[in-house]
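Shown next, in C-alpha cells, is the structure this report addresses.
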Amino acid sequence: MSEQAIGRRRRLVQRLPLVAWLTLVWVMLWGTFDLGTLFFGLVVALLVSTVFPLPTINTNIKVRLLRLVQLVGYLAWDLVSSTARVAWQALRHGPNAKSGIVAVTLRTDSDHITAMVANAVSLAPGKFVLQIDRVNRICYVYALGMRVEDVESVRRDVLALERRVVQAVGSANEVALVSGRKG
C-alpha cells in the first residue's frame, strides 16, 4: 500500500469520531430515530467533514482509562459536596457569605491541561476560574465561603485537581512533573 493511501486511511479513521458526533446531533435535532434519519445524518456528516476538514491538533494527551474514571468519580463527588457546602453557606450567612480570589500557579504548561483544570474547577458550585494568566501559568480562582486562612486550602485543592487531570490525560513528562519526579 502506498504512503499516500495510508495517509488517506489515517485521515478517514481520525474523522470517524467527528462523523459519529455530527450524525448523533443530526438525529437529535430531528427528534426521531429511524433508518432514514440516521442515513441522511451520516450523509450530511460525511459531507460536512469532507468539505470543511478540521486541522489536526497535536495535544500530547494520553488517556489513562482507570485514572480518567477516578477523575470523573472525584468530579461527581466534588459536585455533590460543593453543592452542600454552598447551600450551607447560603443558609448560614446569606448574602454576607465571605469569598475571595486566590492566585494558583499551575505546574504544567499545557494549554489543554490548563483548560481542563479551569473547567473542572468551575464545574462545581462555589469556585470558578475568573482569569488565566497564560504566560505565568496562573489561574485566578474565586472561592465562596473562604476565610483568610483558607487561601492555602484553595491552592492545594486546585493543584490536587491539576494532578488528577494530568494523571488522567497528561503526557509522561507532565505526570512526572505533578508527581514530583524528574521527567
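Residues in the C-alpha cells are numbered from 1 in each chain, the chains being A, B, ... in the order shown, and ligands are numbered from 1 in the order shown.
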Got a sec to tell me which of chain A DSSP assigns to alpha helix (DSSP H), as a PDB file with C-alpha atoms, in the first residue's frame?
```
ATOM      1  CA  GLU A   3       2.197   6.072   1.651  1.00  0.00           C
ATOM      2  CA  GLN A   4      -0.492   8.298   0.163  1.00  0.00           C
ATOM      3  CA  ALA A   5      -3.154   5.591   0.623  1.00  0.00           C
ATOM      4  CA  ILE A   6      -2.050   5.070   4.230  1.00  0.00           C
ATOM      5  CA  GLY A   7      -2.354   8.815   4.828  1.00  0.00           C
ATOM      6  CA  ARG A   8      -5.890   8.872   3.392  1.00  0.00           C
ATOM      7  CA  ARG A   9      -6.898   5.885   5.525  1.00  0.00           C
ATOM      8  CA  ARG A  10      -5.452   7.521   8.666  1.00  0.00           C
ATOM      9  CA  ARG A  11      -7.348  10.773   7.980  1.00  0.00           C
ATOM     10  CA  LEU A  12     -10.562   8.793   7.474  1.00  0.00           C
ATOM     11  CA  VAL A  13     -10.129   6.951  10.786  1.00  0.00           C
ATOM     12  CA  GLN A  14      -9.341  10.238  12.565  1.00  0.00           C
ATOM     13  CA  ARG A  15     -12.527  11.729  11.115  1.00  0.00           C
ATOM     14  CA  LEU A  16     -14.802   8.926  12.386  1.00  0.00           C
ATOM     15  CA  PRO A  17     -15.471  10.405  15.865  1.00  0.00           C
ATOM     16  CA  LEU A  18     -16.497  13.712  14.277  1.00  0.00           C
ATOM     17  CA  VAL A  19     -18.755  11.915  11.782  1.00  0.00           C
ATOM     18  CA  ALA A  20     -20.347   9.917  14.603  1.00  0.00           C
ATOM     19  CA  TRP A  21     -20.877  13.075  16.667  1.00  0.00           C
ATOM     20  CA  LEU A  22     -22.390  15.031  13.751  1.00  0.00           C
ATOM     21  CA  THR A  23     -24.672  12.102  12.936  1.00  0.00           C
ATOM     22  CA  LEU A  24     -25.845  11.958  16.555  1.00  0.00           C
ATOM     23  CA  VAL A  25     -26.509  15.713  16.548  1.00  0.00           C
ATOM     24  CA  TRP A  26     -28.493  15.351  13.303  1.00  0.00           C
ATOM     25  CA  VAL A  27     -30.655  12.596  14.782  1.00  0.00           C
ATOM     26  CA  MET A  28     -31.209  14.595  17.967  1.00  0.00           C
ATOM     27  CA  LEU A  29     -32.151  17.712  16.010  1.00  0.00           C
ATOM     28  CA  TRP A  30     -34.776  15.795  14.044  1.00  0.00           C
ATOM     29  CA  LEU A  35     -33.170   4.400   9.471  1.00  0.00           C
ATOM     30  CA  GLY A  36     -33.823   7.331   7.101  1.00  0.00           C
ATOM     31  CA  THR A  37     -32.840   9.981   9.657  1.00  0.00           C
ATOM     32  CA  LEU A  38     -29.729   8.012  10.570  1.00  0.00           C
ATOM     33  CA  PHE A  39     -28.752   7.534   6.914  1.00  0.00           C
ATOM     34  CA  PHE A  40     -29.194  11.186   5.951  1.00  0.00           C
ATOM     35  CA  GLY A  41     -27.436  12.272   9.153  1.00  0.00           C
ATOM     36  CA  LEU A  42     -24.488  10.119   8.155  1.00  0.00           C
ATOM     37  CA  VAL A  43     -24.508  11.572   4.624  1.00  0.00           C
ATOM     38  CA  VAL A  44     -24.609  15.153   5.945  1.00  0.00           C
ATOM     39  CA  ALA A  45     -21.858  14.394   8.499  1.00  0.00           C
ATOM     40  CA  LEU A  46     -19.606  12.911   5.813  1.00  0.00           C
ATOM     41  CA  LEU A  47     -20.281  15.866   3.516  1.00  0.00           C
ATOM     42  CA  VAL A  48     -19.572  18.442   6.246  1.00  0.00           C
ATOM     43  CA  SER A  49     -16.391  16.710   7.427  1.00  0.00           C
ATOM     44  CA  THR A  50     -15.130  16.398   3.844  1.00  0.00           C
ATOM     45  CA  VAL A  51     -15.954  19.920   2.643  1.00  0.00           C
ATOM     46  CA  LEU A  65      -8.778   4.878  31.438  1.00  0.00           C
ATOM     47  CA  LEU A  66      -8.579   3.968  35.139  1.00  0.00           C
ATOM     48  CA  ARG A  67      -7.311   7.442  36.084  1.00  0.00           C
ATOM     49  CA  LEU A  68      -9.997   9.022  33.890  1.00  0.00           C
ATOM     50  CA  VAL A  69     -12.717   7.027  35.675  1.00  0.00           C
ATOM     51  CA  GLN A  70     -11.219   8.101  39.020  1.00  0.00           C
ATOM     52  CA  LEU A  71     -11.239  11.727  37.854  1.00  0.00           C
ATOM     53  CA  VAL A  72     -14.894  11.510  36.811  1.00  0.00           C
ATOM     54  CA  GLY A  73     -15.755   9.955  40.192  1.00  0.00           C
ATOM     55  CA  TYR A  74     -13.863  12.699  42.009  1.00  0.00           C
ATOM     56  CA  LEU A  75     -15.647  15.397  39.980  1.00  0.00           C
ATOM     57  CA  ALA A  76     -19.032  13.796  40.717  1.00  0.00           C
ATOM     58  CA  TRP A  77     -18.240  13.714  44.442  1.00  0.00           C
ATOM     59  CA  ASP A  78     -16.964  17.308  44.301  1.00  0.00           C
ATOM     60  CA  LEU A  79     -20.188  18.376  42.600  1.00  0.00           C
ATOM     61  CA  VAL A  80     -22.298  16.866  45.391  1.00  0.00           C
ATOM     62  CA  SER A  81     -20.133  18.075  48.293  1.00  0.00           C
ATOM     63  CA  SER A  82     -19.709  21.567  46.811  1.00  0.00           C
ATOM     64  CA  THR A  83     -23.457  21.880  46.359  1.00  0.00           C
ATOM     65  CA  ALA A  84     -23.950  21.008  50.036  1.00  0.00           C
ATOM     66  CA  ARG A  85     -21.231  23.500  51.088  1.00  0.00           C
ATOM     67  CA  VAL A  86     -22.742  26.325  49.023  1.00  0.00           C
ATOM     68  CA  ALA A  87     -26.226  25.548  50.364  1.00  0.00           C
ATOM     69  CA  TRP A  88     -24.860  25.659  53.919  1.00  0.00           C
ATOM     70  CA  GLN A  89     -23.115  28.980  53.225  1.00  0.00           C
ATOM     71  CA  ALA A  90     -26.331  30.414  51.800  1.00  0.00           C
ATOM     72  CA  LEU A  91     -28.389  29.256  54.792  1.00  0.00           C
ATOM     73  CA  ARG A  92     -25.837  30.238  57.421  1.00  0.00           C
ATOM     74  CA  HIS A  93     -24.559  33.562  56.062  1.00  0.00           C
ATOM     75  CA  ASP A 111      -2.950  24.829  27.169  1.00  0.00           C
ATOM     76  CA  HIS A 112      -5.141  21.731  27.062  1.00  0.00           C
ATOM     77  CA  ILE A 113      -4.422  20.752  30.663  1.00  0.00           C
ATOM     78  CA  THR A 114      -4.915  24.355  31.814  1.00  0.00           C
ATOM     79  CA  ALA A 115      -8.299  24.484  30.068  1.00  0.00           C
ATOM     80  CA  MET A 116      -9.349  21.135  31.550  1.00  0.00           C
ATOM     81  CA  VAL A 117      -8.327  22.213  35.059  1.00  0.00           C
ATOM     82  CA  ALA A 118     -10.128  25.558  34.718  1.00  0.00           C
ATOM     83  CA  ASN A 119     -13.291  23.816  33.530  1.00  0.00           C
ATOM     84  CA  ALA A 120     -13.081  21.184  36.267  1.00  0.00           C
ATOM     85  CA  VAL A 121     -12.640  23.871  38.957  1.00  0.00           C
ATOM     86  CA  SER A 122     -15.623  25.785  37.567  1.00  0.00           C
ATOM     87  CA  LEU A 123     -17.828  22.702  37.232  1.00  0.00           C
ATOM     88  CA  VAL A 151      -6.182  30.545  50.872  1.00  0.00           C
ATOM     89  CA  GLU A 152      -3.674  27.678  51.049  1.00  0.00           C
ATOM     90  CA  SER A 153      -6.517  25.150  51.157  1.00  0.00           C
ATOM     91  CA  VAL A 154      -7.929  26.508  47.890  1.00  0.00           C
ATOM     92  CA  ARG A 155      -4.442  26.360  46.329  1.00  0.00           C
ATOM     93  CA  ARG A 156      -3.944  22.755  47.474  1.00  0.00           C
ATOM     94  CA  ASP A 157      -7.382  21.762  46.111  1.00  0.00           C
ATOM     95  CA  VAL A 158      -6.694  23.270  42.674  1.00  0.00           C
ATOM     96  CA  LEU A 159      -3.204  21.727  42.476  1.00  0.00           C
ATOM     97  CA  ALA A 160      -4.602  18.344  43.556  1.00  0.00           C
ATOM     98  CA  LEU A 161      -7.202  18.653  40.790  1.00  0.00           C
ATOM     99  CA  GLU A 162      -4.450  19.533  38.313  1.00  0.00           C
ATOM    100  CA  ARG A 163      -2.575  16.392  39.411  1.00  0.00           C
ATOM    101  CA  ARG A 164      -5.694  14.259  38.887  1.00  0.00           C
ATOM    102  CA  VAL A 165      -6.302  15.739  35.417  1.00  0.00           C
ATOM    103  CA  VAL A 166      -2.668  15.236  34.400  1.00  0.00           C
ATOM    104  CA  GLN A 167      -2.660  11.664  35.690  1.00  0.00           C
ATOM    105  CA  ALA A 168      -5.803  11.000  33.638  1.00  0.00           C
ATOM    106  CA  VAL A 169      -4.787  12.614  30.345  1.00  0.00           C
ATOM    107  CA  ALA A 172       4.502  11.141  30.803  1.00  0.00           C
ATOM    108  CA  ASN A 173       6.605  14.270  31.438  1.00  0.00           C
ATOM    109  CA  GLU A 174       3.597  16.110  32.890  1.00  0.00           C
ATOM    110  CA  VAL A 175       2.749  13.150  35.132  1.00  0.00           C
ATOM    111  CA  ALA A 176       6.325  13.124  36.425  1.00  0.00           C
ATOM    112  CA  LEU A 177       6.171  16.902  36.974  1.00  0.00           C
ATOM    113  CA  VAL A 178       2.984  16.884  39.064  1.00  0.00           C
ATOM    114  CA  SER A 179       4.116  13.779  40.956  1.00  0.00           C
TER     115      SER A 179
END
```
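For Ile138 (chain A), the residues within 10 Å (counting only C-alpha atoms, excluding itself and residues fewer than 6 positions away along the chain) are Val102, Ala103, Val104, Thr105, Leu106, Arg107, Thr114, Gln131 and Ile132 of chain A.
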Any chance you can output those residues with C-alpha atoms as a PDB file, in the first residue's frame?
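The file below, part_37.pdb, is the result:
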```pdb
ATOM      1  CA  VAL A 102      -6.792  33.096  45.068  1.00  0.00           C
ATOM      2  CA  ALA A 103      -3.921  33.062  42.566  1.00  0.00           C
ATOM      3  CA  VAL A 104      -2.851  29.484  41.872  1.00  0.00           C
ATOM      4  CA  THR A 105       0.301  28.826  39.850  1.00  0.00           C
ATOM      5  CA  LEU A 106      -0.159  25.619  37.883  1.00  0.00           C
ATOM      6  CA  ARG A 107       2.775  23.276  37.416  1.00  0.00           C
ATOM      7  CA  THR A 114      -4.915  24.355  31.814  1.00  0.00           C
ATOM      8  CA  GLN A 131      -8.977  34.603  34.694  1.00  0.00           C
ATOM      9  CA  ILE A 132      -5.979  32.690  33.411  1.00  0.00           C
TER      10      ILE A 132
END
```
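For the pair CA of Ser110 (chain A) and CA of Ile57 (chain A), the separation is 13.1 Å.
Here CA of Ile101 (chain A) and CA of Tyr140 (chain A) stand 6.4 Å from one another.
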Next item on the list: For each of A:Pro125, A:Gly145, A:Pro95, A:Gly170, take the minimum atom-to-atom distance to Thr108 (chain A), counting only C-alpha atoms, then give the residue where this is smallest.
Entry: A:Gly170
Next item on the list: Would you work out the distance separating CA of Leu144 (chain A) from CA of Phe128 (chain A), expressed in Å to one decimal?
Entry: 9.3 Å
Checklist line | DSSP-assigned strand (DSSP E) members of chain A, reported as a PyMOL selection string | finding: chain A and resi 99-105+127-133+138-144
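The smallest atom-to-atom distance between Met146 (chain A) and any of A:Ser99, A:Asn60, A:Thr32, A:Ser171, using only C-alpha atoms, is found for A:Ser99.
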